[in-house]
Amino acid sequence: MSIIEVSNLRKTYGSTVAVADVTFTVDEGEIFGILGPNGAGKSTTVECITGCEPPDSGQIRIMGRDPREYGRHLYELIGYQLQTSALPPTLRVQEAVTMFAALYPAPRDINELIDAVGLTDQRRKPFGKLSGGQKQRLSIALALIGNPRIAVLDELTTGLDPEGRRDTWGLIREIRDSGVTIVLVTHFLDEAHRLCDRISVIDHGRTAITTTPDALIRAAGGVTLEDAYLHALDIHRGSGKEQPA
């Protein structure tokens, strides 16, 4: 069952076309990856899905309804971890989670959530003293505090060391296993291969292909996902059309 449907999405900023024609669906309970080169339109796409930006044309459905029909209640359905975010350096972990919890009518238990994202020992630590991985864990906690059905995670592991990335991957799987549908925006191909049930590759604001990581590899002749991804981009740029799954 599709929990998110995006059809022929288009978004411009003046004369700049950020998203030209993006189409995909996200099934309930999956980890769905959005991949593409820098500037491809990935973040703009999720900004439209989460209601941060209104699309110029096309259609978005969240649980069968236009996001605008939900009004402010959309933020109770979708938790959004921004690509770049910052909090006051003196704000402590528990204070930040408590502050965000006050924005929702039925938030998750603050202490249970802090424990679930692995910040038990850092609950009194100021934001400015957290490591990069701990800041990302706090960012995930803030995206989940409202008990959302969907969590959108944008470039979650950028800047983390290998151990931090691997720990974060485990946390993402745990979130999905708890019943939350994950939309993961990433440019790390190993991350997409390890985590995602399906992926959509966006290039120059258009959907190049939507499929599973393994199917993309098979279609390219059994190479690595990185090679298969680059092959899909080459085909898309050569044809100018979305490739079949």
# chains A, B, ... in the order shown; residues from 1 in each chain; ligands from 1
>>> select_by_dssp(residues="stretch 16-111 of chain A", states="strand (DSSP E)", output="ChimeraX atom specification")
/A:16-27,31-35,57-62,78-81
>>> write_last_selection(atoms="N, CA and C atoms", output="short mmCIF file (atom, residue, chain, number, x, y, z; two decimals), in the first residue's frame")
data_model
loop_
_atom_site.label_atom_id
_atom_site.label_comp_id
_atom_site.auth_asym_id
_atom_site.auth_seq_id
_atom_site.Cartn_x
_atom_site.Cartn_y
_atom_site.Cartn_z
N THR A 16 14.82 29.32 -12.37
CA THR A 16 15.51 28.08 -12.05
C THR A 16 14.51 26.96 -11.84
N VAL A 17 14.67 25.88 -12.59
CA VAL A 17 13.81 24.71 -12.44
C VAL A 17 14.49 23.74 -11.47
N ALA A 18 13.98 23.67 -10.25
CA ALA A 18 14.58 22.78 -9.25
C ALA A 18 14.10 21.34 -9.44
N VAL A 19 12.82 21.18 -9.73
CA VAL A 19 12.23 19.88 -10.01
C VAL A 19 11.38 20.02 -11.26
N ALA A 20 11.69 19.23 -12.28
CA ALA A 20 11.00 19.35 -13.56
C ALA A 20 9.86 18.35 -13.71
N ASP A 21 10.10 17.09 -13.32
CA ASP A 21 9.09 16.05 -13.51
C ASP A 21 9.49 14.82 -12.70
N VAL A 22 9.04 14.75 -11.46
CA VAL A 22 9.40 13.64 -10.57
C VAL A 22 8.15 12.84 -10.23
N THR A 23 8.26 11.52 -10.38
CA THR A 23 7.15 10.61 -10.08
C THR A 23 7.69 9.39 -9.36
N PHE A 24 7.09 9.04 -8.21
CA PHE A 24 7.38 7.78 -7.53
C PHE A 24 6.33 7.55 -6.44
N THR A 25 6.29 6.35 -5.92
CA THR A 25 5.45 6.04 -4.76
C THR A 25 6.31 5.43 -3.67
N VAL A 26 5.88 5.61 -2.44
CA VAL A 26 6.56 5.02 -1.28
C VAL A 26 5.56 4.11 -0.59
N ASP A 27 5.94 2.85 -0.40
CA ASP A 27 5.06 1.90 0.26
C ASP A 27 5.17 2.01 1.77
N ILE A 31 11.88 1.37 3.69
CA ILE A 31 12.89 2.42 3.64
C ILE A 31 13.07 2.75 2.16
N PHE A 32 12.70 3.94 1.77
CA PHE A 32 12.72 4.36 0.37
C PHE A 32 13.82 5.40 0.20
N GLY A 33 14.75 5.13 -0.70
CA GLY A 33 15.87 6.03 -0.91
C GLY A 33 15.67 6.96 -2.10
N ILE A 34 16.05 8.21 -1.93
CA ILE A 34 16.07 9.17 -3.03
C ILE A 34 17.53 9.53 -3.28
N LEU A 35 18.00 9.18 -4.48
CA LEU A 35 19.39 9.36 -4.86
C LEU A 35 19.48 10.34 -6.02
N SER A 57 3.22 22.46 -9.88
CA SER A 57 2.26 21.59 -10.56
C SER A 57 2.57 20.16 -10.19
N GLY A 58 1.74 19.25 -10.66
CA GLY A 58 1.87 17.85 -10.29
C GLY A 58 1.01 17.54 -9.09
N GLN A 59 1.15 16.34 -8.60
CA GLN A 59 0.27 15.88 -7.52
C GLN A 59 1.08 15.14 -6.46
N ILE A 60 0.77 15.44 -5.20
CA ILE A 60 1.34 14.72 -4.06
C ILE A 60 0.17 14.22 -3.21
N ARG A 61 0.26 12.97 -2.80
CA ARG A 61 -0.73 12.40 -1.90
C ARG A 61 -0.02 11.76 -0.72
N ILE A 62 -0.45 12.12 0.49
CA ILE A 62 0.04 11.51 1.71
C ILE A 62 -1.13 10.75 2.32
N ILE A 78 4.27 13.51 9.47
CA ILE A 78 5.60 13.45 8.89
C ILE A 78 6.61 14.14 9.80
N GLY A 79 7.64 13.39 10.19
CA GLY A 79 8.76 13.98 10.91
C GLY A 79 9.88 14.24 9.92
N TYR A 80 10.50 15.41 9.99
CA TYR A 80 11.47 15.82 8.97
C TYR A 80 12.79 16.17 9.63
N GLN A 81 13.82 15.41 9.29
CA GLN A 81 15.18 15.73 9.74
C GLN A 81 15.85 16.51 8.63
#
>>> residues_around(residues="stretch 218-222 of chain A", least_positions_apart="6", cutoff="10 Å", atoms="only C-alpha atoms", output="NGL selection string")
:A and (212 or 228-232 or 245)
>>> atom_distance(atom1="atom CA of A:Asp190", atom2="atom CA of A:Glu5")
25.7 Å
>>> closest_atom_pairs(of="stretch 135-241 of chain A", to="stretch 47-53 of chain A", cutoff="12 Å", atoms="only C-alpha atoms", output="tab-separated table")
residue	atom	partner	partner_atom	distance
A:Ala143	CA	A:Thr50	CA	11.9
A:Pro148	CA	A:Thr50	CA	11.8
A:Ile150	CA	A:Thr50	CA	9.8
A:Ala151	CA	A:Thr50	CA	9.7
A:Val152	CA	A:Thr50	CA	8.1
A:Leu153	CA	A:Thr50	CA	11.2
A:Asp154	CA	A:Glu47	CA	10.0
A:Val183	CA	A:Ile49	CA	10.4
A:Val185	CA	A:Glu47	CA	11.3
>>> write_last_selection(atoms="N, CA and C atoms", output="short mmCIF file (atom, residue, chain, number, x, y, z; two decimals), in the first residue's frame")
data_model
loop_
_atom_site.label_atom_id
_atom_site.label_comp_id
_atom_site.auth_asym_id
_atom_site.auth_seq_id
_atom_site.Cartn_x
_atom_site.Cartn_y
_atom_site.Cartn_z
N ALA A 143 12.85 14.59 14.99
CA ALA A 143 11.95 14.23 13.88
C ALA A 143 10.90 13.22 14.31
N PRO A 148 5.33 10.34 14.32
CA PRO A 148 4.90 10.38 12.92
C PRO A 148 4.74 9.00 12.31
N ILE A 150 5.56 8.78 9.09
CA ILE A 150 6.62 8.87 8.08
C ILE A 150 7.76 9.71 8.66
N ALA A 151 9.00 9.28 8.43
CA ALA A 151 10.17 10.09 8.80
C ALA A 151 10.99 10.35 7.55
N VAL A 152 11.27 11.62 7.27
CA VAL A 152 12.08 12.02 6.12
C VAL A 152 13.45 12.43 6.65
N LEU A 153 14.48 11.71 6.23
CA LEU A 153 15.84 11.92 6.71
C LEU A 153 16.70 12.37 5.54
N ASP A 154 17.19 13.60 5.60
CA ASP A 154 17.88 14.22 4.46
C ASP A 154 19.38 14.28 4.72
N VAL A 183 11.79 7.79 4.48
CA VAL A 183 12.26 8.34 3.20
C VAL A 183 13.66 8.87 3.46
N VAL A 185 17.06 10.47 1.99
CA VAL A 185 17.76 11.18 0.91
C VAL A 185 19.25 11.00 1.15
#
>>> closest_residue(among="A:Lys42, A:Arg166, A:Arg124, A:His73", to="A:Thr207", atoms="only C-alpha atoms")
A:Lys42
>>> closest_residue(among="A:Arg198, A:Arg65, A:Arg165, A:His193", to="A:Gly29", atoms="only C-alpha atoms")
A:Arg198
>>> closest_residue(among="A:Asp115, A:Ile175, A:Arg68, A:Ala86", to="A:Gly132", atoms="only C-alpha atoms")
A:Ala86
>>> closest_residue(among="A:Gln134, A:Thr211, A:Ser2, A:Thr157", to="A:Met63", atoms="only C-alpha atoms")
A:Ser2
>>> closest_residue(among="A:Ile3, A:Thr224, A:Gln136, A:Met99", to="A:Arg149", atoms="only C-alpha atoms")
A:Ile3
>>> atom_distance(atom1="atom CA of A:Gly205", atom2="atom CA of A:Ala40")
5.2 Å
>>> atom_distance(atom1="atom CA of A:Asp234", atom2="atom CA of A:Leu184")
23.1 Å
>>> residues_around(residues="A:Ala101", least_positions_apart="4", cutoff="7 Å", atoms="only C-alpha atoms", output="list in words")
Val97, Pro107, Ile145 and Gly146 of chain A
